[in-house]
Structure formats: C-alpha cells, structure tokens
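A.B. asks: To be precise about what I am sending: the file is called my_file.pdb and holds PDB, C-alpha atoms.
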```pdb
MODEL        1
ATOM      1  CA  MET Z   1     -73.935 141.536   5.293
ATOM      2  CA  ALA Z   2     -71.091 139.334   4.017
ATOM      3  CA  THR Z   3     -72.680 136.290   5.672
ATOM      4  CA  LEU Z   4     -76.123 137.109   4.273
ATOM      5  CA  HIS Z   5     -74.622 137.713   0.839
ATOM      6  CA  CYS Z   6     -72.822 134.383   0.924
ATOM      7  CA  LEU Z   7     -75.847 132.577   2.356
ATOM      8  CA  THR Z   8     -78.076 133.791  -0.463
ATOM      9  CA  GLY Z   9     -76.007 132.175  -3.184
ATOM     10  CA  CYS Z  10     -75.307 129.147  -1.048
ATOM     11  CA  ALA Z  11     -79.008 128.697  -0.247
ATOM     12  CA  ILE Z  12     -80.034 128.903  -3.901
ATOM     13  CA  GLY Z  13     -77.610 126.126  -4.811
ATOM     14  CA  GLU Z  14     -78.476 124.099  -1.721
ATOM     15  CA  VAL Z  15     -82.231 124.269  -2.242
ATOM     16  CA  LEU Z  16     -81.935 123.643  -5.979
ATOM     17  CA  GLY Z  17     -79.755 120.592  -5.344
ATOM     18  CA  MET Z  18     -82.110 119.160  -2.725
ATOM     19  CA  VAL Z  19     -85.169 119.804  -4.900
ATOM     20  CA  ILE Z  20     -83.613 118.179  -7.972
ATOM     21  CA  ALA Z  21     -82.319 115.166  -6.039
ATOM     22  CA  THR Z  22     -85.606 114.694  -4.182
ATOM     23  CA  ALA Z  23     -87.660 115.022  -7.366
ATOM     24  CA  LEU Z  24     -85.444 112.395  -9.009
ATOM     25  CA  GLY Z  25     -85.749 110.089  -5.999
ATOM     26  CA  TRP Z  26     -82.024 110.048  -5.279
ATOM     27  CA  GLY Z  27     -80.702 108.673  -2.013
ATOM     28  CA  ASN Z  28     -79.405 110.662   0.936
ATOM     29  CA  VAL Z  29     -75.739 110.746  -0.031
ATOM     30  CA  ALA Z  30     -76.472 111.741  -3.635
ATOM     31  CA  SER Z  31     -78.917 114.439  -2.475
ATOM     32  CA  ILE Z  32     -76.384 115.986  -0.126
ATOM     33  CA  ALA Z  33     -73.618 115.701  -2.723
ATOM     34  CA  LEU Z  34     -75.672 117.528  -5.360
ATOM     35  CA  ALA Z  35     -76.734 120.207  -2.877
ATOM     36  CA  ILE Z  36     -73.107 120.840  -1.929
ATOM     37  CA  ALA Z  37     -71.949 120.690  -5.556
ATOM     38  CA  LEU Z  38     -74.426 123.442  -6.465
ATOM     39  CA  ALA Z  39     -74.044 125.530  -3.290
ATOM     40  CA  PHE Z  40     -70.387 126.319  -3.925
ATOM     41  CA  PRO Z  41     -70.692 127.703  -7.472
ATOM     42  CA  PHE Z  42     -73.866 129.634  -6.628
ATOM     43  CA  GLY Z  43     -72.244 130.976  -3.469
ATOM     44  CA  TYR Z  44     -69.121 132.029  -5.328
ATOM     45  CA  SER Z  45     -71.145 133.599  -8.133
ATOM     46  CA  PHE Z  46     -72.731 136.147  -5.792
ATOM     47  CA  THR Z  47     -69.224 137.450  -5.080
ATOM     48  CA  LEU Z  48     -67.782 136.881  -8.543
ATOM     49  CA  TRP Z  49     -70.283 138.812 -10.676
ATOM     50  CA  PRO Z  50     -69.858 142.193  -8.951
ATOM     51  CA  LEU Z  51     -66.088 141.814  -9.263
ATOM     52  CA  LEU Z  52     -66.382 141.080 -12.968
ATOM     53  CA  ARG Z  53     -68.749 144.040 -13.387
ATOM     54  CA  ALA Z  54     -66.045 146.159 -11.720
ATOM     55  CA  ARG Z  55     -63.835 145.010 -14.621
ATOM     56  CA  LEU Z  56     -61.441 142.870 -12.606
ATOM     57  CA  PRO Z  57     -59.630 140.246 -14.660
ATOM     58  CA  LEU Z  58     -61.311 136.847 -14.405
ATOM     59  CA  ARG Z  59     -58.327 135.259 -12.670
ATOM     60  CA  THR Z  60     -58.236 137.995  -9.999
ATOM     61  CA  ALA Z  61     -62.012 137.893  -9.536
ATOM     62  CA  LEU Z  62     -62.009 134.100  -9.129
ATOM     63  CA  ALA Z  63     -59.122 134.169  -6.648
ATOM     64  CA  THR Z  64     -60.859 136.890  -4.640
ATOM     65  CA  ALA Z  65     -64.212 135.070  -4.600
ATOM     66  CA  PHE Z  66     -62.587 131.800  -3.550
ATOM     67  CA  ALA Z  67     -60.624 133.512  -0.782
ATOM     68  CA  ALA Z  68     -63.680 135.424   0.423
ATOM     69  CA  ASP Z  69     -66.254 132.653   0.446
ATOM     70  CA  THR Z  70     -64.676 129.207   0.799
ATOM     71  CA  ILE Z  71     -64.621 129.156   4.607
ATOM     72  CA  SER Z  72     -68.129 130.578   4.873
ATOM     73  CA  ILE Z  73     -69.656 128.196   2.326
ATOM     74  CA  THR Z  74     -67.884 125.240   3.919
ATOM     75  CA  ILE Z  75     -69.284 126.128   7.337
ATOM     76  CA  MET Z  76     -72.759 126.695   5.920
ATOM     77  CA  GLU Z  77     -72.809 123.430   4.009
ATOM     78  CA  THR Z  78     -71.515 121.452   6.973
ATOM     79  CA  VAL Z  79     -74.093 122.897   9.358
ATOM     80  CA  ASP Z  80     -77.044 122.877   6.970
ATOM     81  CA  ASN Z  81     -76.533 119.386   5.613
ATOM     82  CA  GLY Z  82     -75.584 118.069   9.028
ATOM     83  CA  PHE Z  83     -78.811 119.419  10.459
ATOM     84  CA  VAL Z  84     -80.983 118.067   7.636
ATOM     85  CA  ALA Z  85     -79.298 114.668   7.963
ATOM     86  CA  PHE Z  86     -79.844 114.782  11.745
ATOM     87  CA  VAL Z  87     -83.615 115.443  11.494
ATOM     88  CA  PRO Z  88     -85.302 112.025  11.421
ATOM     89  CA  GLY Z  89     -86.915 111.420   8.033
ATOM     90  CA  ALA Z  90     -86.045 114.813   6.515
ATOM     91  CA  LEU Z  91     -84.026 113.343   3.666
ATOM     92  CA  ALA Z  92     -86.637 110.676   2.985
ATOM     93  CA  THR Z  93     -89.533 113.102   2.485
ATOM     94  CA  GLY Z  94     -90.962 114.386  -0.761
ATOM     95  CA  LEU Z  95     -91.195 117.939  -2.044
ATOM     96  CA  ALA Z  96     -94.799 118.259  -0.850
ATOM     97  CA  ASP Z  97     -93.864 117.369   2.726
ATOM     98  CA  GLY Z  98     -93.496 120.228   5.198
ATOM     99  CA  LEU Z  99     -90.667 118.383   6.973
ATOM    100  CA  PHE Z 100     -88.539 118.698   3.831
ATOM    101  CA  TRP Z 101     -88.957 122.487   3.713
ATOM    102  CA  TRP Z 102     -88.916 123.040   7.479
ATOM    103  CA  SER Z 103     -85.659 121.155   8.001
ATOM    104  CA  LEU Z 104     -84.015 122.817   5.016
ATOM    105  CA  ALA Z 105     -85.074 126.324   6.123
ATOM    106  CA  LEU Z 106     -84.003 125.840   9.736
ATOM    107  CA  GLY Z 107     -80.736 124.282   8.582
ATOM    108  CA  LEU Z 108     -79.996 127.407   6.538
ATOM    109  CA  VAL Z 109     -80.773 129.664   9.511
ATOM    110  CA  LEU Z 110     -78.407 127.637  11.680
ATOM    111  CA  ALA Z 111     -75.798 127.770   8.917
ATOM    112  CA  PHE Z 112     -76.027 131.569   8.873
ATOM    113  CA  VAL Z 113     -75.564 131.718  12.652
ATOM    114  CA  ALA Z 114     -72.563 129.387  12.442
ATOM    115  CA  ALA Z 115     -70.860 131.231   9.570
ATOM    116  CA  PHE Z 116     -71.376 134.746  10.943
ATOM    117  CA  PRO Z 117     -68.511 134.652  13.494
ATOM    118  CA  ALA Z 118     -66.104 133.282  10.890
ATOM    119  CA  ASN Z 119     -66.991 136.039   8.427
ATOM    120  CA  ARG Z 120     -66.692 138.671  11.130
ATOM    121  CA  TRP Z 121     -63.285 137.318  12.149
ATOM    122  CA  LEU Z 122     -62.054 137.319   8.524
ATOM    123  CA  ILE Z 123     -63.317 140.847   7.818
ATOM    124  CA  ALA Z 124     -61.722 142.180  11.026
ATOM    125  CA  ARG Z 125     -58.384 140.901   9.711
ATOM    126  CA  GLY Z 126     -58.810 142.399   6.230
ATOM    127  CA  ARG Z 127     -59.688 139.061   4.672
ATOM    128  CA  GLY Z 128     -62.879 137.474   3.391
ATOM    129  CA  HIS Z 129     -65.272 140.081   2.068
ATOM    130  CA  ALA Z 130     -62.946 142.880   3.174
ATOM    131  CA  ALA Z 131     -60.685 141.740   0.317
ATOM    132  CA  VAL Z 132     -63.665 141.814  -2.042
ATOM    133  CA  HIS Z 133     -64.423 145.417  -1.142
ATOM    134  CA  ALA Z 134     -60.764 146.350  -1.539
ATOM    135  CA  GLN Z 135     -60.855 144.940  -5.094
ATOM    136  CA  HIS Z 136     -63.811 147.128  -6.068
ATOM    137  CA  GLY Z 137     -61.508 150.148  -5.907
ATOM    138  CA  HIS Z 138     -59.106 148.755  -8.510
TER     139      HIS Z 138
ENDMDL
END
```
As structure tokens - that is how I would like this structure written.

C.D. replies:
Amino acid sequence: MATLHCLTGCAIGEVLGMVIATALGWGNVASIALAIALAFPFGYSFTLWPLLRARLPLRTALATAFAADTISITIMETVDNGFVAFVPGALATGLADGLFWWSLALGLVLAFVAAFPANRWLIARGRGHAAVHAQHGH
C-alpha cells in the first residue's frame, strides 16, 4: 500500500507535468524536468497531509514525509521518465496521441514494480512508511 500511496501522488505530478509541458510545446529535457519537479511535491503531499491532520508539527511532518518517500519517488521518477524517454517518439507526441498516454501509463506501472521492493525493504526495517504510521500515534 505504501508504494501505491506514493505512486498516486507521484503520478499526479508526473502526468500534470508532462501534460503542461506537452501542451506548451516544450522540449524533452524541459518536459521531464517539469514532470519530476511536480512529482516530488505531489508525492510528498500524499504523506504530509495525513500527518498534519494528525496534528504533527509541520517540521516533524515534513521530515517524516521526506524520509518515507524520497527513495520511492526517486526510483519511480527514474524508471518512469527513463521508460518514456526510451520509447521512440513518445516525448515528441501530442496530447491527442495514444503513444503519449500509453508510454506514460506503462512507465508508471513499471515504476510501481521497481519501487515496491525498496518500500518493502524500508518498511521491514521500520523506515519509510513504517515511520509514517508510527507518527500517527503521537
């Protein structure tokens, strides 16, 4: 669930970044940069808001979200953007092109598969989202 939770926020930022950059006609590097720049804050926010609702101080909530999600988001962004960049023509398509959406969707699925073992490893050691759940009790 931690991987799915992280992927949801990450995917929102990723898709939003790719859509905005593609709609504006930006190049490949700028498109990927915007997607990554939005994926991290959206990914963190899905962990941050429940911690803030649990009345954790902002500093503690931010530190917990960063510790829980940085590795996962980094893996997801590397795999997803690497895959989209690897698919011939995917970054050059428009929003109405199925290749744009197909490559982005499959990239996110592959990103989930890649990040799952890392999240499982972190949780088994009391880190990652295990630390998030421990904070809910405070």

A.B. asks: Taking all atoms of stretch 98-112 of chain Z that appear in the file, build a box with edges along x, y and z, extend it by 5 Å on every side, and state its centre and edge lengths in Å to one decimal, as JSON.

C.D. replies:
```
{"center_x": -84.6, "center_y": 125.0, "center_z": 7.7, "size_x": 27.7, "size_y": 23.2, "size_z": 18.0}
```

A.B. asks: Between Z:Leu106, Z:Leu7, Z:Val19, Z:Leu51, which one has atoms that come closest to Z:Phe86, using only C-alpha atoms?

C.D. replies: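 Of Z:Leu106, Z:Leu7, Z:Val19, Z:Leu51, the one nearest Z:Phe86, counting only C-alpha atoms, is Z:Leu106.
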
A.B. asks: Rounded to one decimal, what separation in Å do you get between atom CA of Z:Ile123 and atom CA of Z:Phe66?

C.D. replies: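 Distance between the two atoms: 14.5 Å.
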
A.B. asks: Could you jot down the atom CA of Z:Ala37 to atom CA of Z:Pro117 separation for me, Å, one decimal place?

C.D. replies: 23.9 Å

A.B. asks: Using only C-alpha atoms, find each residue in stretch 64-100 of chain Z having at least one atom no more than 10 Å away from stretch 25-31 of chain Z; report its shortest atom-to-atom pair and that distance in Å (one decimal), rows by chain then rising number, as JSON lines.

C.D. replies:
```
{"residue": "Z:Asn81", "atom": "CA", "partner": "Z:Ser31", "partner_atom": "CA", "distance": 9.8}
{"residue": "Z:Ala85", "atom": "CA", "partner": "Z:Asn28", "partner_atom": "CA", "distance": 8.1}
{"residue": "Z:Ala90", "atom": "CA", "partner": "Z:Asn28", "partner_atom": "CA", "distance": 9.6}
{"residue": "Z:Leu91", "atom": "CA", "partner": "Z:Asn28", "partner_atom": "CA", "distance": 6.0}
{"residue": "Z:Ala92", "atom": "CA", "partner": "Z:Asn28", "partner_atom": "CA", "distance": 7.5}
{"residue": "Z:Thr93", "atom": "CA", "partner": "Z:Gly25", "partner_atom": "CA", "distance": 9.8}
{"residue": "Z:Gly94", "atom": "CA", "partner": "Z:Gly25", "partner_atom": "CA", "distance": 8.5}
```

A.B. asks: Restricted to C-alpha atoms, what would the selected residues look like written as an mmCIF file, keeping the file's coordinate frame?

C.D. replies:
```cif
data_model
loop_
_atom_site.group_PDB
_atom_site.id
_atom_site.type_symbol
_atom_site.label_atom_id
_atom_site.label_comp_id
_atom_site.auth_asym_id
_atom_site.auth_seq_id
_atom_site.Cartn_x
_atom_site.Cartn_y
_atom_site.Cartn_z
ATOM 1 C CA ASN Z 81 -76.533 119.386 5.613
ATOM 2 C CA ALA Z 85 -79.298 114.668 7.963
ATOM 3 C CA ALA Z 90 -86.045 114.813 6.515
ATOM 4 C CA LEU Z 91 -84.026 113.343 3.666
ATOM 5 C CA ALA Z 92 -86.637 110.676 2.985
ATOM 6 C CA THR Z 93 -89.533 113.102 2.485
ATOM 7 C CA GLY Z 94 -90.962 114.386 -0.761
#
```

A.B. asks: Using all atoms listed in the file for the distances, tell me which of Z:Thr60, Z:Thr22, Z:Ser72, Z:Ser103 is nearest to Z:Cys6.

C.D. replies: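 With all atoms listed in the file as the atom set, the closest residue is Z:Ser72.
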
A.B. asks: Expressed in Å to a single decimal, how great is the separation between atom CA of Z:Trp102 and atom CA of Z:Ile73?

C.D. replies: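 Value for the atom CA of Z:Trp102-atom CA of Z:Ile73 distance: 20.6 Å.
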
A.B. asks: Would you kindly translate the PyMOL selection byres ((chain Z and resi 69) around 8) into the concrete residues it picks from this file, as a list in words?

C.D. replies: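 For this structure, the PyMOL selection byres ((chain Z and resi 69) around 8) resolves to Cys6, Gly43, Tyr44, Thr47, Ala65, Phe66, Ala67, Ala68, Thr70, Ile71, Ser72, Ile73, Gly128 and His129 of chain Z.
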
A.B. asks: Could N, CA, C and O atoms be built for stretch 26-49 of chain Z and written out as a short mmCIF file (atom, residue, chain, number, x, y, z; two decimals), keeping the file's coordinate frame?

C.D. replies:
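And here's rebuild_13.cif as it stands now:
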```cif
data_model
loop_
_atom_site.label_atom_id
_atom_site.label_comp_id
_atom_site.auth_asym_id
_atom_site.auth_seq_id
_atom_site.Cartn_x
_atom_site.Cartn_y
_atom_site.Cartn_z
N TRP Z 26 -83.37 110.45 -5.63
CA TRP Z 26 -82.02 110.05 -5.28
C TRP Z 26 -81.92 109.77 -3.79
O TRP Z 26 -82.68 110.28 -2.99
N GLY Z 27 -80.93 109.00 -3.41
CA GLY Z 27 -80.70 108.67 -2.01
C GLY Z 27 -80.09 109.83 -1.24
O GLY Z 27 -79.76 110.88 -1.80
N ASN Z 28 -79.91 109.61 0.04
CA ASN Z 28 -79.40 110.66 0.94
C ASN Z 28 -78.04 111.20 0.54
O ASN Z 28 -77.83 112.42 0.48
N VAL Z 29 -77.10 110.32 0.28
CA VAL Z 29 -75.74 110.75 -0.03
C VAL Z 29 -75.72 111.53 -1.35
O VAL Z 29 -75.09 112.59 -1.44
N ALA Z 30 -76.43 111.04 -2.34
CA ALA Z 30 -76.47 111.74 -3.64
C ALA Z 30 -77.17 113.09 -3.50
O ALA Z 30 -76.76 114.08 -4.13
N SER Z 31 -78.21 113.17 -2.69
CA SER Z 31 -78.92 114.44 -2.48
C SER Z 31 -78.00 115.47 -1.84
O SER Z 31 -77.94 116.63 -2.29
N ILE Z 32 -77.30 115.07 -0.81
CA ILE Z 32 -76.38 115.99 -0.13
C ILE Z 32 -75.23 116.37 -1.06
O ILE Z 32 -74.84 117.54 -1.12
N ALA Z 33 -74.72 115.41 -1.80
CA ALA Z 33 -73.62 115.70 -2.72
C ALA Z 33 -74.03 116.72 -3.78
O ALA Z 33 -73.27 117.66 -4.08
N LEU Z 34 -75.22 116.58 -4.35
CA LEU Z 34 -75.67 117.53 -5.36
C LEU Z 34 -75.91 118.90 -4.74
O LEU Z 34 -75.54 119.93 -5.33
N ALA Z 35 -76.50 118.93 -3.55
CA ALA Z 35 -76.73 120.21 -2.88
C ALA Z 35 -75.42 120.94 -2.64
O ALA Z 35 -75.30 122.14 -2.89
N ILE Z 36 -74.42 120.23 -2.18
CA ILE Z 36 -73.11 120.84 -1.93
C ILE Z 36 -72.45 121.25 -3.25
O ILE Z 36 -71.90 122.35 -3.36
N ALA Z 37 -72.55 120.39 -4.26
CA ALA Z 37 -71.95 120.69 -5.56
C ALA Z 37 -72.54 121.95 -6.18
O ALA Z 37 -71.85 122.68 -6.89
N LEU Z 38 -73.80 122.23 -5.92
CA LEU Z 38 -74.43 123.44 -6.46
C LEU Z 38 -74.26 124.65 -5.54
O LEU Z 38 -74.20 125.79 -6.01
N ALA Z 39 -74.17 124.42 -4.24
CA ALA Z 39 -74.04 125.53 -3.29
C ALA Z 39 -72.75 126.31 -3.50
O ALA Z 39 -72.75 127.54 -3.43
N PHE Z 40 -71.66 125.61 -3.76
CA PHE Z 40 -70.39 126.32 -3.92
C PHE Z 40 -70.39 127.24 -5.14
O PHE Z 40 -70.08 128.42 -5.01
N PRO Z 41 -70.73 126.76 -6.34
CA PRO Z 41 -70.69 127.70 -7.47
C PRO Z 41 -71.71 128.84 -7.35
O PRO Z 41 -71.41 129.98 -7.72
N PHE Z 42 -72.90 128.56 -6.82
CA PHE Z 42 -73.87 129.63 -6.63
C PHE Z 42 -73.37 130.62 -5.58
O PHE Z 42 -73.50 131.83 -5.74
N GLY Z 43 -72.79 130.11 -4.51
CA GLY Z 43 -72.24 130.98 -3.47
C GLY Z 43 -71.12 131.85 -4.00
O GLY Z 43 -71.09 133.06 -3.76
N TYR Z 44 -70.21 131.26 -4.75
CA TYR Z 44 -69.12 132.03 -5.33
C TYR Z 44 -69.64 133.06 -6.33
O TYR Z 44 -69.10 134.16 -6.43
N SER Z 45 -70.67 132.70 -7.08
CA SER Z 45 -71.14 133.60 -8.13
C SER Z 45 -71.66 134.92 -7.58
O SER Z 45 -71.53 135.96 -8.23
N PHE Z 46 -72.22 134.91 -6.37
CA PHE Z 46 -72.73 136.15 -5.79
C PHE Z 46 -71.60 137.11 -5.43
O PHE Z 46 -71.83 138.30 -5.27
N THR Z 47 -70.40 136.61 -5.29
CA THR Z 47 -69.22 137.45 -5.08
C THR Z 47 -68.53 137.74 -6.41
O THR Z 47 -68.06 138.85 -6.65
N LEU Z 48 -68.51 136.77 -7.28
CA LEU Z 48 -67.78 136.88 -8.54
C LEU Z 48 -68.37 137.93 -9.49
O LEU Z 48 -67.64 138.74 -10.05
N TRP Z 49 -69.68 137.92 -9.67
CA TRP Z 49 -70.28 138.81 -10.68
C TRP Z 49 -70.04 140.29 -10.40
O TRP Z 49 -69.69 141.03 -11.33
#
```
